[in-house]
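Asker: Data: start-v7.cif, mmCIF, C-alpha atoms.
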```
data_data
#
loop_
_atom_site.label_atom_id
_atom_site.label_comp_id
_atom_site.auth_asym_id
_atom_site.auth_seq_id
_atom_site.Cartn_x
_atom_site.Cartn_y
_atom_site.Cartn_z
CA PHE A 1306 -3.63 1.78 3.98
CA GLY A 1307 -1.36 0.42 1.25
CA PRO A 1308 1.99 -0.89 2.52
CA LYS A 1309 1.10 0.22 6.05
CA THR A 1310 -1.97 -2.00 6.19
CA GLU A 1311 -1.93 -4.56 9.00
CA VAL A 1312 -2.58 -8.06 7.65
CA TYR A 1313 -3.87 -10.92 9.81
CA VAL A 1314 -3.81 -14.57 8.80
CA ASP A 1315 -5.54 -16.82 11.30
CA PHE A 1316 -5.77 -20.57 11.56
CA ARG A 1317 -9.23 -21.31 12.82
CA VAL A 1318 -9.97 -24.39 14.88
CA ASP A 1319 -13.28 -25.90 13.80
CA THR A 1320 -15.68 -25.41 16.71
CA ALA A 1321 -17.83 -28.15 15.19
CA LYS A 1322 -15.14 -30.83 15.61
CA ASP A 1323 -17.39 -32.63 18.10
CA TYR A 1324 -20.06 -32.94 15.40
CA PRO A 1325 -18.63 -35.29 12.74
CA HIS A 1326 -21.93 -35.47 10.86
CA LEU A 1327 -22.55 -31.73 10.72
CA THR A 1328 -23.96 -30.64 7.37
CA PRO A 1329 -21.29 -29.14 5.10
CA ILE A 1330 -23.07 -25.79 4.74
CA ILE A 1331 -23.23 -25.30 8.52
CA ARG A 1332 -19.57 -26.28 8.89
CA GLU A 1333 -18.53 -23.89 6.12
CA ASN A 1334 -20.39 -20.94 7.58
CA LEU A 1335 -19.18 -21.62 11.10
CA GLN A 1336 -15.73 -21.05 9.66
CA ARG A 1337 -16.87 -17.72 8.24
CA GLU A 1338 -18.09 -16.58 11.66
CA HIS A 1339 -14.49 -15.87 12.62
CA ILE A 1340 -14.24 -13.10 10.00
CA THR A 1341 -16.23 -10.51 11.94
CA ARG A 1342 -14.58 -11.46 15.23
CA ARG A 1343 -11.18 -10.81 13.68
CA TRP A 1344 -12.38 -7.52 12.21
CA LYS A 1345 -13.51 -6.41 15.66
CA GLU A 1346 -10.19 -7.45 17.22
CA ALA A 1347 -8.35 -5.54 14.49
CA GLY A 1348 -10.21 -2.35 15.43
CA MET A 1349 -12.78 -2.14 12.66
CA GLN A 1350 -15.11 0.87 13.06
CA PRO A 1351 -18.73 1.43 11.99
CA ASP A 1352 -17.62 3.72 9.15
CA ASP A 1353 -15.19 1.14 7.72
CA ILE A 1354 -16.15 -1.10 4.79
CA GLY A 1355 -15.99 -4.88 5.02
CA ILE A 1356 -15.74 -7.19 2.03
CA ILE A 1357 -17.04 -10.73 2.51
CA CYS A 1358 -15.52 -13.12 -0.01
CA ASP A 1359 -13.77 -16.41 -0.50
CA ILE A 1360 -10.07 -16.18 -1.31
CA ASP A 1361 -10.72 -16.88 -5.00
CA GLU A 1362 -13.32 -14.10 -5.41
CA VAL A 1363 -12.28 -10.52 -6.24
CA PHE A 1364 -13.86 -7.30 -7.44
CA THR A 1365 -12.41 -5.96 -10.66
CA ARG A 1366 -9.82 -3.26 -10.10
CA ASP A 1367 -12.00 -0.53 -11.61
CA PHE A 1368 -15.03 -1.49 -9.54
CA LEU A 1369 -12.98 -1.58 -6.34
CA LEU A 1370 -11.64 1.89 -7.12
CA ALA A 1371 -15.21 3.09 -7.72
CA LEU A 1372 -16.29 1.76 -4.32
CA GLN A 1373 -13.39 3.62 -2.71
CA SER A 1374 -14.02 6.97 -4.41
CA CYS A 1375 -17.72 7.29 -5.30
CA ASP A 1376 -20.72 8.25 -3.15
CA VAL A 1377 -22.22 4.79 -2.64
CA PRO A 1378 -25.70 4.98 -1.04
CA GLN A 1379 -25.14 1.74 0.88
CA PHE A 1380 -22.04 3.23 2.51
CA ARG A 1381 -23.68 6.39 3.85
CA PRO A 1382 -24.01 6.58 7.65
CA GLY A 1383 -27.32 5.95 9.37
CA GLN A 1384 -28.25 2.74 7.54
CA ASP A 1385 -31.28 0.75 8.68
CA CYS A 1386 -29.32 -2.35 7.56
CA TYR A 1387 -32.26 -3.86 5.69
CA ARG A 1388 -30.27 -4.71 2.54
CA PRO A 1389 -26.93 -2.96 3.04
CA GLU A 1390 -24.58 -4.83 0.71
CA VAL A 1391 -23.08 -3.98 -2.67
CA THR A 1392 -22.59 -7.16 -4.68
CA GLY A 1393 -20.43 -7.81 -7.71
CA GLN A 1394 -21.45 -9.79 -10.76
CA GLY A 1395 -18.56 -12.10 -11.45
CA LEU A 1396 -17.33 -14.16 -14.36
CA ARG A 1397 -16.33 -17.66 -13.25
CA PHE A 1398 -13.17 -19.36 -14.47
CA GLU A 1399 -12.59 -23.06 -13.75
CA MET A 1400 -8.85 -23.70 -13.23
CA ALA A 1401 -7.85 -22.16 -16.59
CA SER A 1402 -8.46 -18.93 -18.47
CA ASP A 1403 -9.98 -20.81 -21.41
CA CYS A 1404 -12.55 -22.43 -19.13
CA SER A 1405 -15.05 -19.65 -18.40
CA TYR A 1406 -18.77 -19.98 -17.96
CA PRO A 1407 -20.83 -16.83 -18.68
CA SER A 1408 -24.06 -18.68 -17.92
CA GLY A 1409 -22.72 -19.28 -14.44
CA PHE A 1410 -22.38 -15.71 -13.20
CA PHE A 1411 -21.87 -15.69 -9.49
CA ASN A 1412 -22.88 -12.80 -7.24
CA HIS A 1413 -19.87 -12.11 -5.03
CA PRO A 1414 -17.88 -10.53 -3.41
CA ASP A 1415 -20.10 -8.47 -1.13
CA ALA A 1416 -19.21 -5.15 0.51
CA LEU A 1417 -21.08 -3.46 3.36
CA LEU A 1418 -20.72 -0.73 5.93
CA GLY A 1419 -19.28 -1.58 9.34
CA GLU A 1420 -22.32 -0.23 11.16
CA CYS A 1421 -24.34 -3.11 9.69
CA ILE A 1422 -21.78 -5.84 10.43
CA ASP A 1423 -22.07 -8.28 13.32
CA GLN A 1424 -19.53 -7.59 16.11
CA VAL A 1425 -18.87 -4.08 14.71
CA GLY A 1426 -22.24 -2.27 14.54
CA ASP A 1427 -24.26 -1.09 17.53
CA ILE A 1428 -26.44 -3.90 18.88
CA GLU A 1429 -28.57 -1.36 20.78
CA ILE A 1430 -29.57 0.29 17.51
CA HIS A 1431 -29.77 -2.99 15.61
CA PRO A 1432 -31.06 -5.60 18.10
CA PRO A 1433 -30.97 -9.31 17.20
CA GLY A 1434 -33.94 -10.70 15.30
CA ILE A 1435 -35.39 -14.17 15.11
CA ARG A 1436 -33.30 -16.92 13.49
CA SER A 1437 -34.23 -20.38 12.31
CA TYR A 1438 -32.16 -23.18 13.81
CA ALA A 1439 -31.94 -26.46 11.93
CA LYS A 1440 -32.80 -29.82 13.39
CA GLY A 1441 -30.19 -32.54 13.57
CA GLU A 1442 -26.60 -32.70 14.74
CA GLY A 1443 -25.09 -29.28 15.42
CA GLY A 1444 -28.17 -27.46 14.15
CA GLN A 1445 -28.16 -25.23 17.20
CA LEU A 1446 -24.72 -23.79 16.41
CA LEU A 1447 -25.74 -21.37 13.68
CA GLY A 1448 -29.21 -20.02 12.96
CA ALA A 1449 -30.32 -18.93 9.50
CA ARG A 1450 -31.63 -15.41 9.13
CA ILE A 1451 -35.30 -15.16 8.14
CA PHE A 1452 -35.58 -13.21 4.88
CA ASP A 1453 -39.23 -14.04 4.28
CA TYR A 1454 -40.92 -10.78 3.27
CA GLU A 1455 -44.19 -11.88 4.85
CA ASN A 1456 -42.38 -12.21 8.19
CA VAL A 1457 -40.05 -9.26 7.82
CA HIS A 1458 -40.94 -8.12 11.33
CA LEU A 1459 -38.89 -11.04 12.64
CA ASP A 1460 -35.80 -9.37 11.23
CA ASN A 1461 -36.39 -5.93 12.79
CA PRO A 1462 -37.68 -6.32 16.36
CA ASN A 1463 -37.91 -2.58 17.00
CA GLY A 1464 -39.80 -1.93 13.77
CA THR A 1465 -37.28 0.37 12.11
CA MET A 1466 -33.76 -1.01 12.36
CA TYR A 1467 -32.76 -4.46 11.15
CA GLN A 1468 -30.36 -6.81 12.86
CA LEU A 1469 -26.62 -6.82 12.15
CA TRP A 1470 -25.30 -9.02 9.37
CA LYS A 1471 -23.28 -12.18 9.92
CA PRO A 1472 -21.07 -13.47 7.09
CA TRP A 1473 -23.56 -16.27 6.39
CA ASP A 1474 -26.37 -13.71 6.00
CA VAL A 1475 -24.35 -11.91 3.37
CA ARG A 1476 -23.61 -15.09 1.43
CA ARG A 1477 -27.24 -16.19 1.46
CA VAL A 1478 -28.61 -12.96 -0.03
CA ASP A 1479 -26.23 -12.64 -2.94
CA ASN A 1480 -28.51 -11.02 -5.50
CA ILE A 1481 -29.28 -7.82 -3.59
CA GLY A 1482 -27.41 -4.67 -4.54
CA ARG A 1483 -25.82 -6.51 -7.45
CA VAL A 1484 -23.95 -4.19 -9.77
CA TYR A 1485 -23.38 -4.99 -13.40
CA GLU A 1486 -21.57 -2.65 -15.70
CA ASN A 1487 -23.54 -1.73 -18.82
CA GLY A 1488 -26.17 -4.25 -17.83
CA THR A 1489 -24.08 -7.33 -18.67
CA GLU A 1490 -20.41 -6.66 -17.89
CA LYS A 1491 -18.76 -8.25 -14.88
CA THR A 1492 -17.64 -6.29 -11.86
CA ALA A 1493 -15.90 -9.28 -10.26
CA TYR A 1494 -14.06 -12.51 -11.05
CA HIS A 1495 -14.15 -15.99 -9.55
CA PHE A 1496 -10.88 -17.89 -10.08
CA HIS A 1497 -12.29 -21.25 -9.04
CA ASN A 1498 -9.90 -24.16 -8.42
CA PHE A 1499 -6.85 -22.31 -9.72
CA PHE A 1500 -4.39 -24.85 -8.35
CA ASN A 1501 -1.01 -25.77 -9.80
CA SER A 1502 -1.65 -29.50 -9.84
CA MET A 1503 -4.43 -32.06 -9.80
CA GLU A 1504 -2.91 -33.40 -6.60
CA VAL A 1505 -3.62 -30.12 -4.81
CA PHE A 1506 -7.07 -29.97 -6.41
CA ARG A 1507 -7.85 -33.41 -4.99
CA ASN A 1508 -6.49 -32.44 -1.59
CA LYS A 1509 -8.96 -29.54 -1.47
CA TYR A 1510 -11.89 -31.88 -1.95
CA LYS A 1511 -10.49 -34.26 0.63
CA THR A 1512 -10.00 -31.69 3.37
CA TYR A 1513 -12.31 -28.66 3.00
CA GLY A 1514 -15.79 -28.06 4.37
CA HIS A 1515 -17.50 -30.29 1.78
CA SER A 1516 -14.86 -33.01 2.02
CA ARG A 1517 -14.92 -36.44 0.39
CA GLY A 1518 -12.93 -39.29 1.87
CA ASP A 1519 -12.44 -40.89 -1.56
CA ALA A 1520 -11.13 -37.75 -3.25
CA ASP A 1521 -7.78 -39.44 -3.94
CA THR A 1522 -9.22 -42.33 -5.89
CA VAL A 1523 -12.32 -41.31 -7.86
CA PRO A 1524 -12.15 -39.96 -11.43
CA LEU A 1525 -11.51 -36.22 -11.51
CA ALA A 1526 -14.83 -35.53 -13.21
CA GLU A 1527 -16.65 -36.73 -10.08
CA LEU A 1528 -15.12 -34.08 -7.80
CA GLY A 1529 -16.95 -30.76 -7.54
CA LYS A 1530 -16.57 -28.88 -10.81
CA GLY A 1531 -14.12 -31.48 -12.07
CA ASN A 1532 -16.47 -32.41 -14.91
CA LYS A 1533 -16.16 -28.89 -16.32
CA ILE A 1534 -12.38 -28.93 -15.95
CA VAL A 1535 -11.99 -32.26 -17.72
CA SER A 1536 -14.38 -31.27 -20.49
CA CYS A 1537 -12.66 -27.93 -21.04
CA LEU A 1538 -9.10 -29.29 -21.08
CA LYS A 1539 -10.17 -31.86 -23.66
CA GLY A 1540 -11.44 -29.07 -25.90
CA GLU A 1541 -15.14 -29.73 -25.54
CA MET A 1542 -17.53 -26.77 -25.78
CA ALA A 1543 -20.02 -28.11 -23.27
CA MET A 1544 -21.93 -27.10 -20.13
CA GLY A 1545 -22.14 -23.44 -21.14
CA ARG A 1546 -18.41 -22.97 -21.65
CA GLN A 1547 -17.12 -20.14 -23.80
CA SER A 1548 -13.61 -19.80 -25.20
CA PHE A 1549 -11.35 -17.09 -23.86
CA ASP A 1550 -11.44 -15.23 -27.17
CA ASP A 1551 -15.23 -14.95 -26.92
CA ILE A 1552 -15.22 -13.14 -23.57
CA GLU A 1553 -16.67 -9.65 -23.95
CA GLY A 1554 -15.39 -6.65 -22.05
CA ARG A 1555 -12.51 -6.50 -19.62
CA ILE A 1556 -10.46 -9.53 -18.69
CA PRO A 1557 -7.94 -10.11 -15.88
CA ILE A 1558 -4.65 -8.44 -16.79
CA LEU A 1559 -2.71 -11.62 -16.02
CA MET A 1560 -4.44 -13.54 -18.78
CA ASP A 1561 -2.43 -12.62 -21.84
CA ALA A 1562 -1.80 -15.04 -24.72
CA SER A 1563 1.48 -16.42 -23.39
CA TYR A 1564 0.06 -17.12 -19.93
CA ASN A 1565 -3.08 -18.72 -21.31
CA GLU A 1566 -1.15 -21.10 -23.55
CA ALA A 1567 1.37 -22.07 -20.88
CA ARG A 1568 -1.34 -22.64 -18.28
CA LYS A 1569 -3.42 -24.76 -20.63
CA ASN A 1570 -0.52 -26.98 -21.68
CA GLU A 1571 0.56 -27.45 -18.08
CA LEU A 1572 -2.92 -28.52 -17.00
CA ILE A 1573 -3.41 -30.87 -19.96
CA LYS A 1574 -0.25 -32.71 -18.89
CA GLU A 1575 -1.49 -32.75 -15.28
CA LEU A 1576 -4.82 -34.21 -16.41
CA GLU A 1577 -3.14 -36.93 -18.49
CA ASP A 1578 -0.93 -37.94 -15.55
CA ASP A 1579 -3.91 -37.92 -13.19
CA GLU A 1580 -6.01 -40.10 -15.46
CA GLN A 1581 -3.15 -42.56 -15.83
CA ARG A 1582 -2.75 -42.74 -12.04
CA ILE A 1583 -6.45 -43.49 -11.54
CA GLU A 1584 -6.33 -46.12 -14.28
CA ASP A 1585 -3.36 -47.79 -12.55
CA LEU A 1586 -5.24 -47.74 -9.24
CA LEU A 1587 -8.25 -49.46 -10.81
CA LYS A 1588 -6.07 -52.13 -12.41
CA ALA A 1589 -4.26 -52.75 -9.12
CA GLY A 1590 -7.61 -53.15 -7.36
CA GLN A 1591 -8.73 -55.77 -9.88
CA ASP A 1592 -5.56 -57.87 -9.55
#
```
What is this structure when it is put down as structure tokens?
Answerer:
Amino acid sequence: FGPKTEVYVDFRVDTAKDYPHLTPIIRENLQREHITRRWKEAGMQPDDIGIICDIDEVFTRDFLLALQSCDVPQFRPGQDCYRPEVTGQGLRFEMASDCSYPSGFFNHPDALLGECIDQVGDIEIHPPGIRSYAKGEGGQLLGARIFDYENVHLDNPNGTMYQLWKPWDVRRVDNIGRVYENGTEKTAYHFHNFFNSMEVFRNKYKTYGHSRGDADTVPLAELGKGNKIVSCLKGEMAMGRQSFDDIEGRIPILMDASYNEARKNELIKELEDDEQRIEDLLKAGQD
């Protein structure tokens, strides 16, 4: 715990490399499969708590402290693992503190007890259920869990205990156990695309699970959430954006006035340079 915590950083080789046309969502969640394997190798126990999240998703400090110190029903031993996760309600920021989208609440991270986690819990108590495997290239690599209430028996073969949870299961059911503070307040943050340059932003979209081969040459607004970034940095109040001053409740401690202004000015300059580069590319292609 604390400074004595062992930290593991793994580079994962994509097991789907032989499937170049694999759907992005399958590829992304195959990468997540390594999480529980690493937890098992690190000695995770059934009474430990696992948090499934992307690197840019965090619980608020107060909520994380509450999870550590309060009696959380989902963390009590003897779970049937039907819906075992505690989920945060997060406020999403796009690249800058002044670019937040309250209408776009996301429901992550997710925390659950080790006894309900794949590779960690007891498979004799929680036997595997039926999964749905997609057709097409690589569809057999990762089966989707069946959450259909009319066929709930497929998820609990022995009639009482449900199967262990893979990371993809957790990400797919992201509105169960969701905790909001005072009904509307956030208990998590999503710092989406918080890169230091547009070059790094473009590299993400060229190389990650949902990659685009033309990410170096298309207008920024055509890449992922790039339309929101461009609109925000140009001062437009569009697509559900709210200004930083209008955010209610707690905010990340980093985001004071001096940081917000410096970050905004830095990104405006990055955007101007990026737009000029794309314009030059287009002119060169016409010559």
Asker: Given only C-alpha atoms as the basis, pick out the residue of A:Tyr1494, A:Gln1336, A:Arg1366, A:Asp1427 nearest to A:Pro1414.
Answerer: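 Closest to A:Pro1414, using only C-alpha atoms: A:Tyr1494.
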Asker: I'd like the interatomic distance between atom CA of A:Cys1386 and atom CA of A:Leu1335, to a tenth of an Å.
Answerer: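 Result for atom CA of A:Cys1386 versus atom CA of A:Leu1335: 22.1 Å, one decimal.
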Asker: Could you pull the residues within 12 Å of stretch 1376-1380 of chain A, counting all atoms listed in the file, minus those fewer than 2 positions along the same chain, as a ChimeraX atom specification?
Answerer: /A:1351-1355,1368-1374,1382-1392,1415-1421,1481-1484
Asker: Show which residues sit within 10 Å of A:Ala1520, as a PyMOL selection string. Count all atoms listed in the file, and ignore same-chain residues fewer than 3 positions away.
Answerer: chain A and resi 1504+1506-1512+1516-1517+1523-1525+1527-1528
Asker: Compute the distance from (-10.2, -35.2, -15.2) to each atom, counting all atoms listed in the file, keep the residues with any atom at most 6 Å away, and return them as a PyMOL selection string; use the coordinates of the file.
Answerer: chain A and resi 1525-1526+1535+1576
Asker: What is the distance, in Å and to one decimal place, between atom CA of A:Asn1565 and atom CA of A:Asp1550?
Answerer: 10.8 Å
Asker: Restricting the calculation to all atoms listed in the file: of A:Ile1331, A:Met1503, A:Val1314, A:Cys1404, which residue gets closest to A:Ile1360?
Answerer: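 Selected residue with least distance to A:Ile1360: A:Val1314.
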Asker: Please return, as a PDB file with C-alpha atoms, in the frame of the given file, all polymer residues that have at least one atom within 12 Å of the point (-3.4, -33.9, -16.0); use all atoms listed in the file and the file's own coordinate frame.
Answerer:
```pdb
ATOM      1  CA  MET A1400      -8.850 -23.700 -13.230  1.00  0.00           C
ATOM      2  CA  PHE A1500      -4.390 -24.850  -8.350  1.00  0.00           C
ATOM      3  CA  ASN A1501      -1.010 -25.770  -9.800  1.00  0.00           C
ATOM      4  CA  SER A1502      -1.650 -29.500  -9.840  1.00  0.00           C
ATOM      5  CA  MET A1503      -4.430 -32.060  -9.800  1.00  0.00           C
ATOM      6  CA  GLU A1504      -2.910 -33.400  -6.600  1.00  0.00           C
ATOM      7  CA  VAL A1505      -3.620 -30.120  -4.810  1.00  0.00           C
ATOM      8  CA  PHE A1506      -7.070 -29.970  -6.410  1.00  0.00           C
ATOM      9  CA  ARG A1507      -7.850 -33.410  -4.990  1.00  0.00           C
ATOM     10  CA  PRO A1524     -12.150 -39.960 -11.430  1.00  0.00           C
ATOM     11  CA  LEU A1525     -11.510 -36.220 -11.510  1.00  0.00           C
ATOM     12  CA  ALA A1526     -14.830 -35.530 -13.210  1.00  0.00           C
ATOM     13  CA  GLY A1531     -14.120 -31.480 -12.070  1.00  0.00           C
ATOM     14  CA  ILE A1534     -12.380 -28.930 -15.950  1.00  0.00           C
ATOM     15  CA  VAL A1535     -11.990 -32.260 -17.720  1.00  0.00           C
ATOM     16  CA  LEU A1538      -9.100 -29.290 -21.080  1.00  0.00           C
ATOM     17  CA  LYS A1539     -10.170 -31.860 -23.660  1.00  0.00           C
ATOM     18  CA  ARG A1568      -1.340 -22.640 -18.280  1.00  0.00           C
ATOM     19  CA  LYS A1569      -3.420 -24.760 -20.630  1.00  0.00           C
ATOM     20  CA  ASN A1570      -0.520 -26.980 -21.680  1.00  0.00           C
ATOM     21  CA  GLU A1571       0.560 -27.450 -18.080  1.00  0.00           C
ATOM     22  CA  LEU A1572      -2.920 -28.520 -17.000  1.00  0.00           C
ATOM     23  CA  ILE A1573      -3.410 -30.870 -19.960  1.00  0.00           C
ATOM     24  CA  LYS A1574      -0.250 -32.710 -18.890  1.00  0.00           C
ATOM     25  CA  GLU A1575      -1.490 -32.750 -15.280  1.00  0.00           C
ATOM     26  CA  LEU A1576      -4.820 -34.210 -16.410  1.00  0.00           C
ATOM     27  CA  GLU A1577      -3.140 -36.930 -18.490  1.00  0.00           C
ATOM     28  CA  ASP A1578      -0.930 -37.940 -15.550  1.00  0.00           C
ATOM     29  CA  ASP A1579      -3.910 -37.920 -13.190  1.00  0.00           C
ATOM     30  CA  GLU A1580      -6.010 -40.100 -15.460  1.00  0.00           C
ATOM     31  CA  GLN A1581      -3.150 -42.560 -15.830  1.00  0.00           C
ATOM     32  CA  ARG A1582      -2.750 -42.740 -12.040  1.00  0.00           C
ATOM     33  CA  ILE A1583      -6.450 -43.490 -11.540  1.00  0.00           C
TER      34      ILE A1583
END
```
Asker: Using only C-alpha atoms, which of A:Asp1519, A:Asp1323, A:Asp1403, A:Asp1359 sits nearest A:Arg1476?
Answerer: A:Asp1359
Asker: Using all atoms listed in the file, which residues sit within 12 Å of A:Ser1402 once same-chain residues fewer than 6 positions away are excluded, as a ChimeraX atom specification?
Answerer: /A:1396,1494-1499,1534,1537-1538,1546-1552,1556-1570,1572
Asker: So, counting only C-alpha atoms, which residue among A:Asp1474, A:Met1466, A:Ser1405, A:Asn1334 is closest to A:Arg1436?
Answerer: A:Asp1474
Asker: Select, from A:Arg1450, A:Arg1397, A:His1413, A:His1515, the residue with the minimum atom-to-atom distance to A:Glu1333, counting only C-alpha atoms.
Answerer: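 Closest residue, counting only C-alpha atoms: A:His1515.
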